[in-house]
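Asks: Next comes the structure file target-v3.cif, holding mmCIF, C-alpha atoms.
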```
data_input
loop_
_atom_site.group_PDB
_atom_site.id
_atom_site.type_symbol
_atom_site.label_atom_id
_atom_site.label_comp_id
_atom_site.auth_asym_id
_atom_site.auth_seq_id
_atom_site.Cartn_x
_atom_site.Cartn_y
_atom_site.Cartn_z
ATOM 1 C CA GLN A 1 -1.650 -2.948 -21.161
ATOM 2 C CA SER A 2 1.484 -3.181 -19.030
ATOM 3 C CA ALA A 3 2.688 -0.675 -16.447
ATOM 4 C CA ALA A 4 5.785 1.422 -17.207
ATOM 5 C CA GLY A 5 7.491 0.033 -14.123
ATOM 6 C CA ALA A 6 7.111 -1.348 -10.618
ATOM 7 C CA ILE A 7 8.811 -0.562 -7.308
ATOM 8 C CA PHE A 8 8.834 -3.084 -4.455
ATOM 9 C CA ALA A 9 9.529 -1.224 -1.198
ATOM 10 C CA ALA A 10 7.612 -3.395 1.278
ATOM 11 C CA SER A 11 9.128 -5.046 4.330
ATOM 12 C CA ALA A 12 7.944 -7.255 7.149
ATOM 13 C CA SER A 13 6.350 -5.564 10.139
ATOM 14 C CA LYS A 14 4.414 -6.327 13.300
ATOM 15 C CA LYS A 15 1.249 -5.439 11.379
ATOM 16 C CA GLY A 16 1.563 -8.386 9.034
ATOM 17 C CA GLY A 17 3.834 -10.637 7.088
ATOM 18 C CA SER A 18 7.052 -12.327 8.091
ATOM 19 C CA PRO A 19 10.372 -11.449 6.401
ATOM 20 C CA GLN A 20 10.082 -14.689 4.426
ATOM 21 C CA GLN A 21 6.554 -13.809 3.243
ATOM 22 C CA VAL A 22 7.248 -10.159 2.424
ATOM 23 C CA ASP A 23 10.958 -9.471 1.854
ATOM 24 C CA ARG A 24 11.680 -12.750 0.085
ATOM 25 C CA ASP A 25 8.483 -14.214 -1.397
ATOM 26 C CA GLY A 26 6.733 -10.887 -1.979
ATOM 27 C CA ALA A 27 9.697 -9.458 -3.898
ATOM 28 C CA ILE A 28 10.044 -12.616 -5.989
ATOM 29 C CA SER A 29 6.296 -12.806 -6.683
ATOM 30 C CA LEU A 30 6.134 -9.205 -7.896
ATOM 31 C CA ALA A 31 9.213 -9.742 -10.098
ATOM 32 C CA GLU A 32 7.558 -12.847 -11.593
ATOM 33 C CA ALA A 33 4.379 -10.863 -12.282
ATOM 34 C CA CYS A 34 6.406 -8.055 -13.878
ATOM 35 C CA ILE A 35 8.166 -10.489 -16.185
ATOM 36 C CA HIS A 36 4.896 -12.212 -17.064
ATOM 37 C CA GLN A 37 3.241 -8.853 -17.840
ATOM 38 C CA ARG A 38 6.356 -7.540 -19.658
ATOM 39 C CA VAL A 39 6.745 -4.585 -17.286
ATOM 40 C CA PRO A 40 9.843 -2.780 -18.623
ATOM 41 C CA HIS A 41 11.623 -2.061 -15.309
ATOM 42 C CA PHE A 42 11.391 -3.510 -11.782
ATOM 43 C CA VAL A 43 13.052 -1.804 -8.801
ATOM 44 C CA LEU A 44 13.589 -3.721 -5.556
ATOM 45 C CA VAL A 45 14.350 -1.815 -2.357
ATOM 46 C CA SER A 46 16.434 -4.156 -0.194
ATOM 47 C CA SER A 47 18.875 -3.079 2.534
ATOM 48 C CA GLY A 48 22.472 -2.053 2.981
ATOM 49 C CA ALA A 49 24.544 -4.944 4.430
ATOM 50 C CA ALA A 50 22.111 -7.528 2.963
ATOM 51 C CA SER A 51 25.026 -9.475 1.479
ATOM 52 C CA GLN A 52 27.278 -9.185 4.542
ATOM 53 C CA PRO A 53 26.075 -11.778 7.112
ATOM 54 C CA ARG A 54 29.087 -11.234 9.373
ATOM 55 C CA SER A 55 28.669 -7.454 9.621
ATOM 56 C CA PRO A 56 27.273 -5.904 12.825
ATOM 57 C CA VAL A 57 24.480 -4.204 10.818
ATOM 58 C CA TYR A 58 23.322 -7.523 9.307
ATOM 59 C CA ILE A 59 23.511 -9.343 12.649
ATOM 60 C CA ALA A 60 21.566 -6.629 14.508
ATOM 61 C CA ASN A 61 18.766 -6.495 11.917
ATOM 62 C CA ASN A 62 18.611 -10.225 11.230
ATOM 63 C CA VAL A 63 17.354 -10.933 14.775
ATOM 64 C CA PHE A 64 13.945 -9.713 13.549
ATOM 65 C CA GLY A 65 12.828 -13.074 12.150
ATOM 66 C CA GLY A 66 15.716 -13.462 9.721
ATOM 67 C CA LEU A 67 14.988 -10.121 8.030
ATOM 68 C CA MET A 68 18.389 -9.618 6.393
ATOM 69 C CA ARG A 69 18.618 -13.221 5.191
ATOM 70 C CA ALA A 70 15.131 -12.895 3.637
ATOM 71 C CA LYS A 71 16.091 -9.608 1.955
ATOM 72 C CA PHE A 72 19.188 -11.172 0.395
ATOM 73 C CA GLN A 73 17.205 -14.247 -0.682
ATOM 74 C CA GLY A 74 14.706 -11.875 -2.304
ATOM 75 C CA GLU A 75 17.558 -10.155 -4.164
ATOM 76 C CA GLU A 76 18.954 -13.479 -5.351
ATOM 77 C CA GLY A 77 15.509 -14.661 -6.446
ATOM 78 C CA VAL A 78 14.942 -11.495 -8.478
ATOM 79 C CA ARG A 79 18.379 -11.755 -10.115
ATOM 80 C CA GLY A 80 17.718 -15.400 -11.017
ATOM 81 C CA LEU A 81 14.341 -14.592 -12.576
ATOM 82 C CA TYR A 82 15.790 -11.805 -14.713
ATOM 83 C CA GLU A 83 18.788 -13.918 -15.761
ATOM 84 C CA ALA A 84 16.336 -16.563 -17.000
ATOM 85 C CA ALA A 85 14.172 -13.883 -18.666
ATOM 86 C CA ALA A 86 17.243 -12.571 -20.512
ATOM 87 C CA MET A 87 17.494 -15.921 -22.324
ATOM 88 C CA ASP A 88 14.011 -15.530 -23.837
ATOM 89 C CA PRO A 89 13.742 -13.113 -26.796
ATOM 90 C CA GLU A 90 10.261 -12.097 -25.561
ATOM 91 C CA THR A 91 11.586 -10.863 -22.180
ATOM 92 C CA SER A 92 15.298 -10.212 -22.780
ATOM 93 C CA ASN A 93 14.808 -6.429 -22.768
ATOM 94 C CA LEU A 94 13.245 -6.289 -19.278
ATOM 95 C CA ALA A 95 15.268 -4.445 -16.640
ATOM 96 C CA TYR A 96 15.705 -4.705 -12.882
ATOM 97 C CA THR A 97 17.523 -2.598 -10.297
ATOM 98 C CA ILE A 98 18.260 -3.445 -6.649
ATOM 99 C CA LEU A 99 18.672 -0.534 -4.223
ATOM 100 C CA ARG A 100 20.297 -1.026 -0.824
ATOM 101 C CA PRO A 101 19.531 2.002 1.333
ATOM 102 C CA SER A 102 21.274 2.651 4.612
ATOM 103 C CA ASN A 103 19.436 3.593 7.815
ATOM 104 C CA LEU A 104 16.292 5.462 6.808
ATOM 105 C CA THR A 105 15.397 8.815 8.383
ATOM 106 C CA SER A 106 12.410 11.148 8.117
ATOM 107 C CA GLU A 107 14.380 14.303 7.293
ATOM 108 C CA PRO A 108 13.592 16.325 4.130
ATOM 109 C CA ALA A 109 15.144 15.290 0.816
ATOM 110 C CA LEU A 110 18.602 16.743 0.222
ATOM 111 C CA GLY A 111 18.925 15.695 -3.423
ATOM 112 C CA PRO A 112 21.568 13.875 -5.426
ATOM 113 C CA ASP A 113 24.471 16.201 -4.669
ATOM 114 C CA ALA A 114 24.236 15.205 -0.963
ATOM 115 C CA ILE A 115 24.292 11.456 -1.679
ATOM 116 C CA GLU A 116 26.945 8.875 -2.458
ATOM 117 C CA LEU A 117 26.266 5.664 -4.326
ATOM 118 C CA ALA A 118 28.497 2.629 -3.853
ATOM 119 C CA GLN A 119 28.670 -0.972 -4.990
ATOM 120 C CA GLY A 120 29.988 -3.989 -3.144
ATOM 121 C CA ASP A 121 27.990 -3.565 0.087
ATOM 122 C CA ARG A 122 30.923 -2.145 2.046
ATOM 123 C CA PHE A 123 29.507 1.036 3.620
ATOM 124 C CA GLU A 124 26.614 1.968 5.879
ATOM 125 C CA GLY A 125 25.245 5.420 6.672
ATOM 126 C CA ARG A 126 21.840 7.056 6.530
ATOM 127 C CA ILE A 127 19.445 8.462 3.949
ATOM 128 C CA SER A 128 15.937 9.901 4.162
ATOM 129 C CA TYR A 129 12.809 8.131 2.980
ATOM 130 C CA ASN A 130 12.245 11.168 0.746
ATOM 131 C CA ASP A 131 15.595 10.864 -1.030
ATOM 132 C CA LEU A 132 15.106 7.098 -1.341
ATOM 133 C CA ALA A 133 11.686 7.665 -2.963
ATOM 134 C CA ASP A 134 13.216 10.116 -5.461
ATOM 135 C CA LEU A 135 16.019 7.674 -6.187
ATOM 136 C CA CYS A 136 13.543 4.807 -6.771
ATOM 137 C CA VAL A 137 11.695 6.814 -9.415
ATOM 138 C CA GLU A 138 14.892 8.053 -11.066
ATOM 139 C CA ALA A 139 16.330 4.511 -11.164
ATOM 140 C CA LEU A 140 13.060 3.204 -12.621
ATOM 141 C CA MET A 141 13.188 5.753 -15.440
ATOM 142 C CA SER A 142 16.875 5.228 -16.323
ATOM 143 C CA ASP A 143 18.383 2.596 -18.615
ATOM 144 C CA LEU A 144 21.709 3.153 -16.816
ATOM 145 C CA THR A 145 20.521 1.276 -13.715
ATOM 146 C CA ASP A 146 19.489 -1.910 -15.550
ATOM 147 C CA ARG A 147 20.890 -5.029 -13.837
ATOM 148 C CA THR A 148 22.693 -3.046 -11.153
ATOM 149 C CA THR A 149 22.769 -3.355 -7.380
ATOM 150 C CA PHE A 150 23.970 -0.388 -5.371
ATOM 151 C CA GLU A 151 23.948 1.258 -1.964
ATOM 152 C CA MET A 152 23.125 4.860 -1.150
ATOM 153 C CA TYR A 153 23.759 7.102 1.847
ATOM 154 C CA TYR A 154 24.499 10.720 2.613
ATOM 155 C CA ALA A 155 28.037 11.728 1.757
ATOM 156 C CA PRO A 156 30.221 13.193 4.487
ATOM 157 C CA ARG A 157 29.587 16.909 4.858
ATOM 158 C CA PRO A 158 30.430 19.630 7.391
ATOM 159 C CA GLY A 159 28.160 19.861 10.402
ATOM 160 C CA VAL A 160 26.770 16.340 10.111
ATOM 161 C CA ALA A 161 27.572 14.016 12.996
ATOM 162 C CA VAL A 162 26.763 10.746 11.227
ATOM 163 C CA ALA A 163 29.048 10.048 8.282
ATOM 164 C CA PRO A 164 29.147 6.799 6.292
ATOM 165 C CA PHE A 165 31.296 4.093 7.815
ATOM 166 C CA PRO A 166 32.739 0.828 6.467
ATOM 167 C CA LEU A 167 30.943 -2.375 7.478
ATOM 168 C CA PHE A 168 34.368 -3.973 7.966
ATOM 169 C CA PRO A 169 37.922 -2.647 8.122
ATOM 170 C CA LEU A 170 38.876 -2.125 4.482
ATOM 171 C CA ASP A 171 41.685 -4.307 3.148
ATOM 172 C CA LYS A 172 44.383 -1.976 1.797
ATOM 173 C CA SER A 173 45.466 -4.592 -0.770
ATOM 174 C CA VAL A 174 42.022 -4.705 -2.435
ATOM 175 C CA VAL A 175 40.933 -2.209 -5.094
ATOM 176 C CA TYR A 176 37.321 -1.327 -4.272
ATOM 177 C CA SER A 177 34.919 0.326 -6.690
ATOM 178 C CA PRO A 178 34.854 4.028 -5.858
ATOM 179 C CA GLN A 179 32.024 5.792 -4.143
ATOM 180 C CA ILE A 180 30.029 7.660 -6.755
ATOM 181 C CA ARG A 181 29.212 11.360 -6.436
ATOM 182 C CA GLY A 182 27.493 13.747 -8.818
ATOM 183 C CA SER A 183 25.143 16.682 -9.049
ATOM 184 C CA THR A 184 22.429 14.690 -10.874
ATOM 185 C CA TRP A 185 21.140 11.125 -10.607
ATOM 186 C CA GLN A 186 22.001 10.410 -14.246
ATOM 187 C CA GLN A 187 25.549 11.626 -13.702
ATOM 188 C CA MET A 188 25.951 9.125 -10.862
ATOM 189 C CA PHE A 189 24.176 6.286 -12.684
ATOM 190 C CA GLN A 190 26.733 6.519 -15.521
ATOM 191 C CA HIS A 191 29.375 5.119 -13.156
ATOM 192 C CA LEU A 192 27.448 2.053 -11.976
ATOM 193 C CA GLN A 193 28.879 -1.336 -12.898
ATOM 194 C CA ARG A 194 26.671 -4.227 -13.967
#
```
Would you mind giving the structure from this file in structure tokens?
Replies:
Amino acid sequence: QSAAGAIFAASASKKGGSPQQVDRDGAISLAEACIHQRVPHFVLVSSGAASQPRSPVYIANNVFGGLMRAKFQGEEGVRGLYEAAAMDPETSNLAYTILRPSNLTSEPALGPDAIELAQGDRFEGRISYNDLADLCVEALMSDLTDRTTFEMYYAPRPGVAVAPFPLFPLDKSVVYSPQIRGSTWQQMFQHLQR
């Protein structure tokens, strides 16, 4: 019997596993196993700025053994596996979601009304491990997050010194997908683009 879903939230550390072994190969291996076992939904926790190799955030974090490059390669590997699975009638209904959290903190969960979602890997901010854990479970249980990749961080609010910031100066001539706000996770998920 298959599991209802799987969440991959591991990352390389000094205690074991290089970024290539954990963030790339580990993510891809679990996605392969999920497809093989027909697990309905796979959630990968990656990192904000993973697709922006020229951003200061990517550069600063990539010095740790190529961490950001391995995270993005893991994302691409998972996408490729699920694109191939979509061509097979036996696995075409399997879902995946890629989450790109900003800097993680240990503060208490603030809930969905304190969070912004975004797509396009343009912003960086911070979010607690607790809110990320809630978001992982909510994304896993929602059909609205299937085949989406999105970032999450705390929205600007009074009395908070660290607000989200763009990874690069935003080009005024480009129409960016809007940041997504809502009072519930499902309300926000409705606005995600595949």
Asks: Let me make sure I understand: among A:Ala60, A:Ala33, A:Val39, A:Leu67, which one has the smallest atom-to-atom distance to Pro19 (chain A) if we use all atoms listed in the file?
Replies: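 The closest residue to Pro19 (chain A) is A:Leu67.
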Asks: Residue by residue, what does the PyMOL selection byres ((chain A and resi 48) around 10) grab here? Present the result as a PDB file with C-alpha atoms, in the frame of the given file.
Replies:
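And here's result_24.pdb as it stands now:
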```
ATOM      1  CA  VAL A  45      14.350  -1.815  -2.357  1.00  0.00           C
ATOM      2  CA  SER A  46      16.434  -4.156  -0.194  1.00  0.00           C
ATOM      3  CA  SER A  47      18.875  -3.079   2.534  1.00  0.00           C
ATOM      4  CA  ALA A  49      24.544  -4.944   4.430  1.00  0.00           C
ATOM      5  CA  ALA A  50      22.111  -7.528   2.963  1.00  0.00           C
ATOM      6  CA  SER A  51      25.026  -9.475   1.479  1.00  0.00           C
ATOM      7  CA  GLN A  52      27.278  -9.185   4.542  1.00  0.00           C
ATOM      8  CA  VAL A  57      24.480  -4.204  10.818  1.00  0.00           C
ATOM      9  CA  TYR A  58      23.322  -7.523   9.307  1.00  0.00           C
ATOM     10  CA  MET A  68      18.389  -9.618   6.393  1.00  0.00           C
ATOM     11  CA  LYS A  71      16.091  -9.608   1.955  1.00  0.00           C
ATOM     12  CA  LEU A  99      18.672  -0.534  -4.223  1.00  0.00           C
ATOM     13  CA  ARG A 100      20.297  -1.026  -0.824  1.00  0.00           C
ATOM     14  CA  PRO A 101      19.531   2.002   1.333  1.00  0.00           C
ATOM     15  CA  SER A 102      21.274   2.651   4.612  1.00  0.00           C
ATOM     16  CA  ASN A 103      19.436   3.593   7.815  1.00  0.00           C
ATOM     17  CA  GLY A 120      29.988  -3.989  -3.144  1.00  0.00           C
ATOM     18  CA  ASP A 121      27.990  -3.565   0.087  1.00  0.00           C
ATOM     19  CA  ARG A 122      30.923  -2.145   2.046  1.00  0.00           C
ATOM     20  CA  PHE A 123      29.507   1.036   3.620  1.00  0.00           C
ATOM     21  CA  GLU A 124      26.614   1.968   5.879  1.00  0.00           C
ATOM     22  CA  GLY A 125      25.245   5.420   6.672  1.00  0.00           C
ATOM     23  CA  ARG A 126      21.840   7.056   6.530  1.00  0.00           C
ATOM     24  CA  PHE A 150      23.970  -0.388  -5.371  1.00  0.00           C
ATOM     25  CA  GLU A 151      23.948   1.258  -1.964  1.00  0.00           C
ATOM     26  CA  MET A 152      23.125   4.860  -1.150  1.00  0.00           C
ATOM     27  CA  TYR A 153      23.759   7.102   1.847  1.00  0.00           C
ATOM     28  CA  LEU A 167      30.943  -2.375   7.478  1.00  0.00           C
TER      29      LEU A 167
END
```
Asks: Hey, what comes out of the PyMOL selection byres ((chain A and resi 106-114) around 8) on this file? Could you write it as number ranges by chain?
Replies: A: 104-105, 115-116, 128-131, 154-155, 181-185
Asks: Suppose you want the space between CA of Asp146 (chain A) and CA of Ile127 (chain A); what is it in Å?
Replies: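 Straight-line distance from CA of Asp146 (chain A) to CA of Ile127 (chain A) works out to 22.1 Å.
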Asks: Between CA of Leu144 (chain A) and CA of Glu32 (chain A), what is the distance in Å, rounded to a tenth?
Replies: 22.0 Å
Asks: For CA of Arg54 (chain A) and CA of Met188 (chain A), quote the distance in Å rounded to one decimal.
Replies: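 Separating CA of Arg54 (chain A) from CA of Met188 (chain A) is a distance of 28.9 Å.
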Asks: Leaving out Thr145 (chain A) and any residue of its chain fewer than 2 positions from it, which residues lie within 12 Å of it when counting all atoms listed in the file, given as a short mmCIF file (atom, residue, chain, number, x, y, z; two decimals) with C-alpha atoms, in the frame of the given file?
Replies:
```cif
data_model
loop_
_atom_site.label_atom_id
_atom_site.label_comp_id
_atom_site.auth_asym_id
_atom_site.auth_seq_id
_atom_site.Cartn_x
_atom_site.Cartn_y
_atom_site.Cartn_z
CA HIS A 41 11.62 -2.06 -15.31
CA PHE A 42 11.39 -3.51 -11.78
CA VAL A 43 13.05 -1.80 -8.80
CA LEU A 44 13.59 -3.72 -5.56
CA LEU A 94 13.24 -6.29 -19.28
CA ALA A 95 15.27 -4.44 -16.64
CA TYR A 96 15.70 -4.70 -12.88
CA THR A 97 17.52 -2.60 -10.30
CA ILE A 98 18.26 -3.44 -6.65
CA LEU A 99 18.67 -0.53 -4.22
CA LEU A 117 26.27 5.66 -4.33
CA LEU A 135 16.02 7.67 -6.19
CA CYS A 136 13.54 4.81 -6.77
CA VAL A 137 11.70 6.81 -9.41
CA GLU A 138 14.89 8.05 -11.07
CA ALA A 139 16.33 4.51 -11.16
CA LEU A 140 13.06 3.20 -12.62
CA MET A 141 13.19 5.75 -15.44
CA SER A 142 16.88 5.23 -16.32
CA ASP A 143 18.38 2.60 -18.61
CA ARG A 147 20.89 -5.03 -13.84
CA THR A 148 22.69 -3.05 -11.15
CA THR A 149 22.77 -3.36 -7.38
CA PHE A 150 23.97 -0.39 -5.37
CA TRP A 185 21.14 11.12 -10.61
CA GLN A 186 22.00 10.41 -14.25
CA GLN A 187 25.55 11.63 -13.70
CA MET A 188 25.95 9.12 -10.86
CA PHE A 189 24.18 6.29 -12.68
CA GLN A 190 26.73 6.52 -15.52
CA HIS A 191 29.38 5.12 -13.16
CA LEU A 192 27.45 2.05 -11.98
CA GLN A 193 28.88 -1.34 -12.90
CA ARG A 194 26.67 -4.23 -13.97
#
```
Asks: Once the PyMOL selection byres ((chain A and resi 77-89) around 8) has been applied to the shown file, what residues remain in the selection, as a list of chain:residue names?
Replies: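 After applying the PyMOL selection byres ((chain A and resi 77-89) around 8), what remains is A:Arg24, A:Ala27, A:Ile28, A:Ala31, A:Glu32, A:Ile35, A:Gln73, A:Gly74, A:Glu75, A:Glu76, A:Glu90, A:Thr91, A:Ser92, A:Asn93, A:Leu94, A:Ala95, A:Tyr96.
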Asks: With all atoms listed in the file as the atoms that count, which of A:Val63, A:Ser55, A:Ala70, A:Gln119 lies nearest to Gln21 (chain A)?
Replies: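 Among the listed residues, the smallest separation from Gln21 (chain A) belongs to A:Ala70.
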